[in-house]
Amino acid sequence: MKIAVCIKRAPIMDVRFKVAAGGAAVDESGLKYDIADFDSYAVEAALKLWEKDKQGEIVAISLGPDTAQETIRKALSMGVHRGIHLKVDAVPFDGFAIAQALAEALRGGGYDLILFGKLAIDSSNGVVGAMTAELLGLPCVTACSRLDVAGGKGTARRELEGGSETVEFPLPAVLTIDEGIARPRLPTLPGIMAAKKKPLEVRPAQLGEQRLRITAMELPPERAGGRIIGEGAAAVPELVRLLQTEAKVL
Amino acid sequence: MANVFAFAEARSGELRKAAFEAVTAARAVADAKGGEVHALLIGAPGIAVSAEQLGRYGADLVIVVEHAGFAHYNPEAAAATVAERLRGGAYVAAFFSASAHGRDLAPRVAAKLGLPLAADVVEFDAAAEPMTAKHPINTGKVIATLTLSATPALITLRPGAVPPVETPRAARVEVAQPGADPAASRVVVREMTQGDSAKLDLADAPVIVSGGRGLKAAENFKLVEELAEAFGNAAVGATRAVTDDGWRPHSDQIGQTGRLVSPDLYVAIGISGAIQHLAGMRTSRTIVAINRDKDAPIFKIADYGIVGDVFEIVPALTKAVREARKSR
């Protein structure tokens with residue numbers, strides 16, 4: 001099977017973000033980056049599918065500035081076979097502009113499956129996978145939390161609010177991957193060494209026009225919080241009183 | 001005319017709250033810009049009876065598309081139907097829910113129309129030209145204001161962000177055909193399982209009672225369930241540690257990679273408050289934390305904290321909540 005995995009480099013989230021001068025971007029100083037959370041699940045899903053018969057190859061594709069190559073190398077160190085870097089100065093916020101570049105790069109590639117993470121943990125849009133599928137005219141299932149592929153078709157499970165659904169699709173297809181499929185493996189030392197020698201092709205990205213932009217940014221108000229009203233069951237009556245009179249939620 | 005489109009989400013023949021939220025949002029824009037709200041209702045034969053409910057939330061026109069192939073969510077035919085309507089309608093904006101189905105449907109529609117999409121919007125300026133909307137990024141730690149310089153402005157709304165408002169009117173009903181044959185879709189939902197329908201979903205519940213590792217074992221989750229029952233309007237959530245261990249289904253997970261919730265009241269039981277969990281619930285209106293460790297990070301964001309043994313405190317709270325509701 002020939003599988004493409006579209007991945008994004010994103011900041012690691014366990015920090016306090018600051019708004020950069022200009023007011024419409026995050027201050028990048030001091031941030032650390034890694035492959036976006038759900039994209040690592042997509043890589044793992046691709047590896048699991050490929051390992052069934054070890055035929056074909058997995059190609060990791062990332063759109064971004066030169067630093068995107070670090071993220072591609074990470075995927076290569078997990079076991080992906082080669083990489084394509086779609087080079088841009090900056091990743092636009094408009095997912096449709098990105099989808100146009102990805103569709104252009106994927107078209108005619110002969111992929112049986114094209115995988116994405118469910119959403120990028122930084123921009124939190126979750127639109128590029130389905131948009132790319134539409135542009136390529138391929139069937140698409142989003143937010144797959146379970147996946148079986150055999151004999152040119154697949155079955156996926158999607159989580160719904162208060163339920164789930166089982167979806168069938170033919171290959172080739174575009175899938176976006178939710179967690180729950182499998183824990184992403186960690187790169188091994190031999191994997192990291194091997195990744196350095198794997199092919200990584202650089203191409204200019206053919207971005208679409210950007211018509212959705214971030215024009216301002218703010219930090220959400222801090223929660224006042226931090227009020228401990230007591231210890232043990234003795235504090236329960238006071239809590240109930242506060243919920244009734246102050247918070248008015250009971 | 002500045003008409004506004006709303007996708008009225010239904011499941012198993014019933015409208016979801018998401019439908020009323022989308023119509024409410026569309027009404028706000030239509031009122032600000034002087035136009036009508038057109039709601040599209042897709043479902044199996046019989047769904048048309050729900051059209052009148054959409055009028056209650058401000059729809060002037062309900063376009064009903066009934067087909068046996070819409071018994072389950074049918075993403076390809078649904079997207080074709082929505083896209084066809086948007087192409088012909090000269091709409092200024094179109095609202096969907098950022099629900100599991102809405103987040104699947106809206107980007108398909110956007111790509112068919114060659115338009116950008118503002119996803120997971122929590123607030124918008126109904127009057128602004130071009131439209132602006134707020135969207136949490138970086139797990140809710142930053143709020144971005146987006147400017148949509150294409151028409152119609154396509155938006156998915158975070159469930160719960162726009163509470164439904166009744167502005168009753170008698171909606172006209174128009175019967176329409178699917179934009180593509182639902183029987184010809186390549187992607188087919190074979191089966192849908194719904195949890196206990198009597199249980200509230202995390203997106204709809206005004207109160208969420210959530211449990212973490214501090215409960216020590218799967219069977220102790222009954223404490224959480226009992227407290228949720230005592231509130232009467234509560235859903236049960238869990239931390240990732242708990243869903244990873246299989247104590248609760250994955251769909252109950254609240255946090256960075258799970259559900260993002262903002263109920264009126266969030267009760268965190270035996271939850272230390274890992275940053276990934278806080279990302280999913282920090283926008284709750286009131287937060288209560290019960291935990292044995294007084295230094296647990298959850299207390300820093302909790303409005304009301306009780307330090308101590310959850311096995312002693314939670315049953316006492318359950319009893320007190322039950323009594324408080326009885327005497328009301």
# chains A, B, ... in the order shown; residues from 1 in each chain; ligands from 1

call {"tool": "interface_residues", "arguments": {"of": "chain A", "to": "chain B", "cutoff": "6 Å", "atoms": "only C-alpha atoms", "output": "JSON, numbers by chain"}}
result
{"A": [96, 122, 123, 124, 125, 127, 130, 131, 160, 162, 163, 164, 165, 166, 167, 168, 169, 211, 212, 213, 214, 215, 216, 217, 218, 219, 223, 225, 226, 227, 228, 229, 230, 231, 232, 233, 236]}

call {"tool": "write_last_selection", "arguments": {"atoms": "C-alpha atoms", "output": "mmCIF file, in the first residue's frame"}}
result
data_model
loop_
_atom_site.group_PDB
_atom_site.id
_atom_site.type_symbol
_atom_site.label_atom_id
_atom_site.label_comp_id
_atom_site.auth_asym_id
_atom_site.auth_seq_id
_atom_site.Cartn_x
_atom_site.Cartn_y
_atom_site.Cartn_z
ATOM 1 C CA PHE A 96 -8.310 26.096 2.220
ATOM 2 C CA ASP A 122 -2.170 24.912 17.358
ATOM 3 C CA SER A 123 -4.597 26.313 14.768
ATOM 4 C CA SER A 124 -7.358 23.901 15.875
ATOM 5 C CA ASN A 125 -9.271 24.077 12.606
ATOM 6 C CA VAL A 127 -10.513 21.406 7.955
ATOM 7 C CA ALA A 130 -11.656 17.000 4.197
ATOM 8 C CA MET A 131 -10.938 19.985 1.948
ATOM 9 C CA LEU A 160 -20.059 11.286 17.988
ATOM 10 C CA GLY A 162 -23.074 10.513 22.891
ATOM 11 C CA GLY A 163 -22.463 7.739 20.377
ATOM 12 C CA SER A 164 -20.360 6.485 17.512
ATOM 13 C CA GLU A 165 -20.780 5.430 13.917
ATOM 14 C CA THR A 166 -19.206 2.773 11.727
ATOM 15 C CA VAL A 167 -18.324 4.016 8.274
ATOM 16 C CA GLU A 168 -17.330 2.065 5.151
ATOM 17 C CA PHE A 169 -15.287 3.549 2.346
ATOM 18 C CA ARG A 211 -9.089 34.816 2.584
ATOM 19 C CA LEU A 212 -9.240 33.875 6.245
ATOM 20 C CA ARG A 213 -6.752 35.620 8.467
ATOM 21 C CA ILE A 214 -6.027 36.171 12.102
ATOM 22 C CA THR A 215 -6.385 39.915 12.583
ATOM 23 C CA ALA A 216 -6.110 40.077 16.364
ATOM 24 C CA MET A 217 -5.142 37.866 19.258
ATOM 25 C CA GLU A 218 -5.792 37.975 22.951
ATOM 26 C CA LEU A 219 -5.238 35.791 25.971
ATOM 27 C CA ARG A 223 -9.636 32.558 36.155
ATOM 28 C CA GLY A 225 -9.946 30.614 41.124
ATOM 29 C CA GLY A 226 -7.776 29.341 43.878
ATOM 30 C CA ARG A 227 -10.379 29.489 46.632
ATOM 31 C CA ILE A 228 -10.329 26.533 48.971
ATOM 32 C CA ILE A 229 -13.456 26.626 51.087
ATOM 33 C CA GLY A 230 -12.622 23.856 53.509
ATOM 34 C CA GLU A 231 -11.527 20.332 54.218
ATOM 35 C CA GLY A 232 -13.430 17.075 54.182
ATOM 36 C CA ALA A 233 -17.177 16.453 54.239
ATOM 37 C CA VAL A 236 -20.034 20.321 51.862
#

call {"tool": "residues_around", "arguments": {"residues": "B:Gln253", "least_positions_apart": "3", "cutoff": "12 Å", "atoms": "only C-alpha atoms", "output": "PyMOL selection string"}}
result
(chain A and resi 159+161-162+179-180) or (chain B and resi 202+208-212+235-250+256-261+276-281)

call {"tool": "residues_around", "arguments": {"residues": "B:Ala93", "least_positions_apart": "6", "cutoff": "10 Å", "atoms": "only C-alpha atoms", "output": "VMD selection string"}}
result
chain B and resid 2 to 6 25 to 26 29 to 30 37 86 126 131 148 150 to 155

call {"tool": "select_by_dssp", "arguments": {"residues": "stretch 3-238 of chain A", "states": "alpha helix (DSSP H)", "output": "VMD selection string"}}
result
chain A and resid 37 to 51 68 to 78 95 to 106 128 to 136 189 to 197 236 to 238

call {"tool": "select_by_dssp", "arguments": {"residues": "stretch 42-250 of chain A", "states": "strand (DSSP E)", "output": "ChimeraX atom specification"}}
result
/A:57-64,82-87,113-117,140-150,153-160,163-170,173-177,200-204,212-218,228-231

call {"tool": "residues_around", "arguments": {"residues": "A:Asp89", "least_positions_apart": "3", "cutoff": "10 Å", "atoms": "only C-alpha atoms", "output": "ChimeraX atom specification"}}
result
/A:63-66,92,204-205

call {"tool": "write_last_selection", "arguments": {"atoms": "N, CA and C atoms", "output": "CSV table (one decimal), in the first residue's frame"}}
result
chain,number,residue,atom,x,y,z
A,63,LEU,N,4.0,20.9,5.1
A,63,LEU,CA,4.0,22.3,4.5
A,63,LEU,C,4.5,23.2,5.6
A,64,GLY,N,5.5,24.0,5.2
A,64,GLY,CA,6.0,25.0,6.2
A,64,GLY,C,7.3,25.5,5.8
A,65,PRO,N,7.9,26.4,6.7
A,65,PRO,CA,9.3,26.9,6.4
A,65,PRO,C,10.3,25.7,6.6
A,66,ASP,N,11.6,26.0,6.5
A,66,ASP,CA,12.6,25.0,6.6
A,66,ASP,C,12.5,24.1,7.8
A,92,PRO,N,0.0,29.4,6.4
A,92,PRO,CA,-1.1,30.3,6.5
A,92,PRO,C,-2.1,29.8,7.5
A,204,PRO,N,8.5,23.8,-3.9
A,204,PRO,CA,7.8,25.0,-3.5
A,204,PRO,C,6.3,24.7,-3.3
A,205,ALA,N,5.6,25.2,-2.4
A,205,ALA,CA,4.2,24.9,-2.2
A,205,ALA,C,3.4,25.9,-3.0

call {"tool": "residues_around", "arguments": {"residues": "stretch 197-202 of chain A", "least_positions_apart": "4", "cutoff": "8 Å", "atoms": "only C-alpha atoms", "output": "number ranges by chain"}}
result
A: 76, 81-87, 193

call {"tool": "atom_distance", "arguments": {"atom1": "atom CA of A:Ala21", "atom2": "atom CA of A:Glu70"}}
result
26.7 Å

call {"tool": "atom_distance", "arguments": {"atom1": "atom CA of B:Val82", "atom2": "atom CA of A:Gly154"}}
result
26.2 Å

call {"tool": "closest_residue", "arguments": {"among": "A:Gly151, A:Glu134, A:Ile35, A:Arg16", "to": "A:Glu222", "atoms": "only C-alpha atoms"}}
result
A:Arg16

call {"tool": "atom_distance", "arguments": {"atom1": "atom CA of B:Thr81", "atom2": "atom CA of A:Gly126"}}
result
21.6 Å

call {"tool": "residues_around", "arguments": {"residues": "A:Ile192", "least_positions_apart": "5", "cutoff": "10 Å", "atoms": "only C-alpha atoms", "output": "list in words"}}
result
Arg73, Lys74, Ala75, Leu76, Ser77, Met78, Gly79, Pro187 and Lys197 of chain A

call {"tool": "closest_residue", "arguments": {"among": "A:Leu135, A:Ala60, A:Pro184, A:Leu171", "to": "B:Leu113", "atoms": "only C-alpha atoms"}}
result
A:Leu135

call {"tool": "closest_residue", "arguments": {"among": "A:Gln69, A:Ser29, A:Ser62, A:Gln100", "to": "A:Ala195", "atoms": "only C-alpha atoms"}}
result
A:Gln69
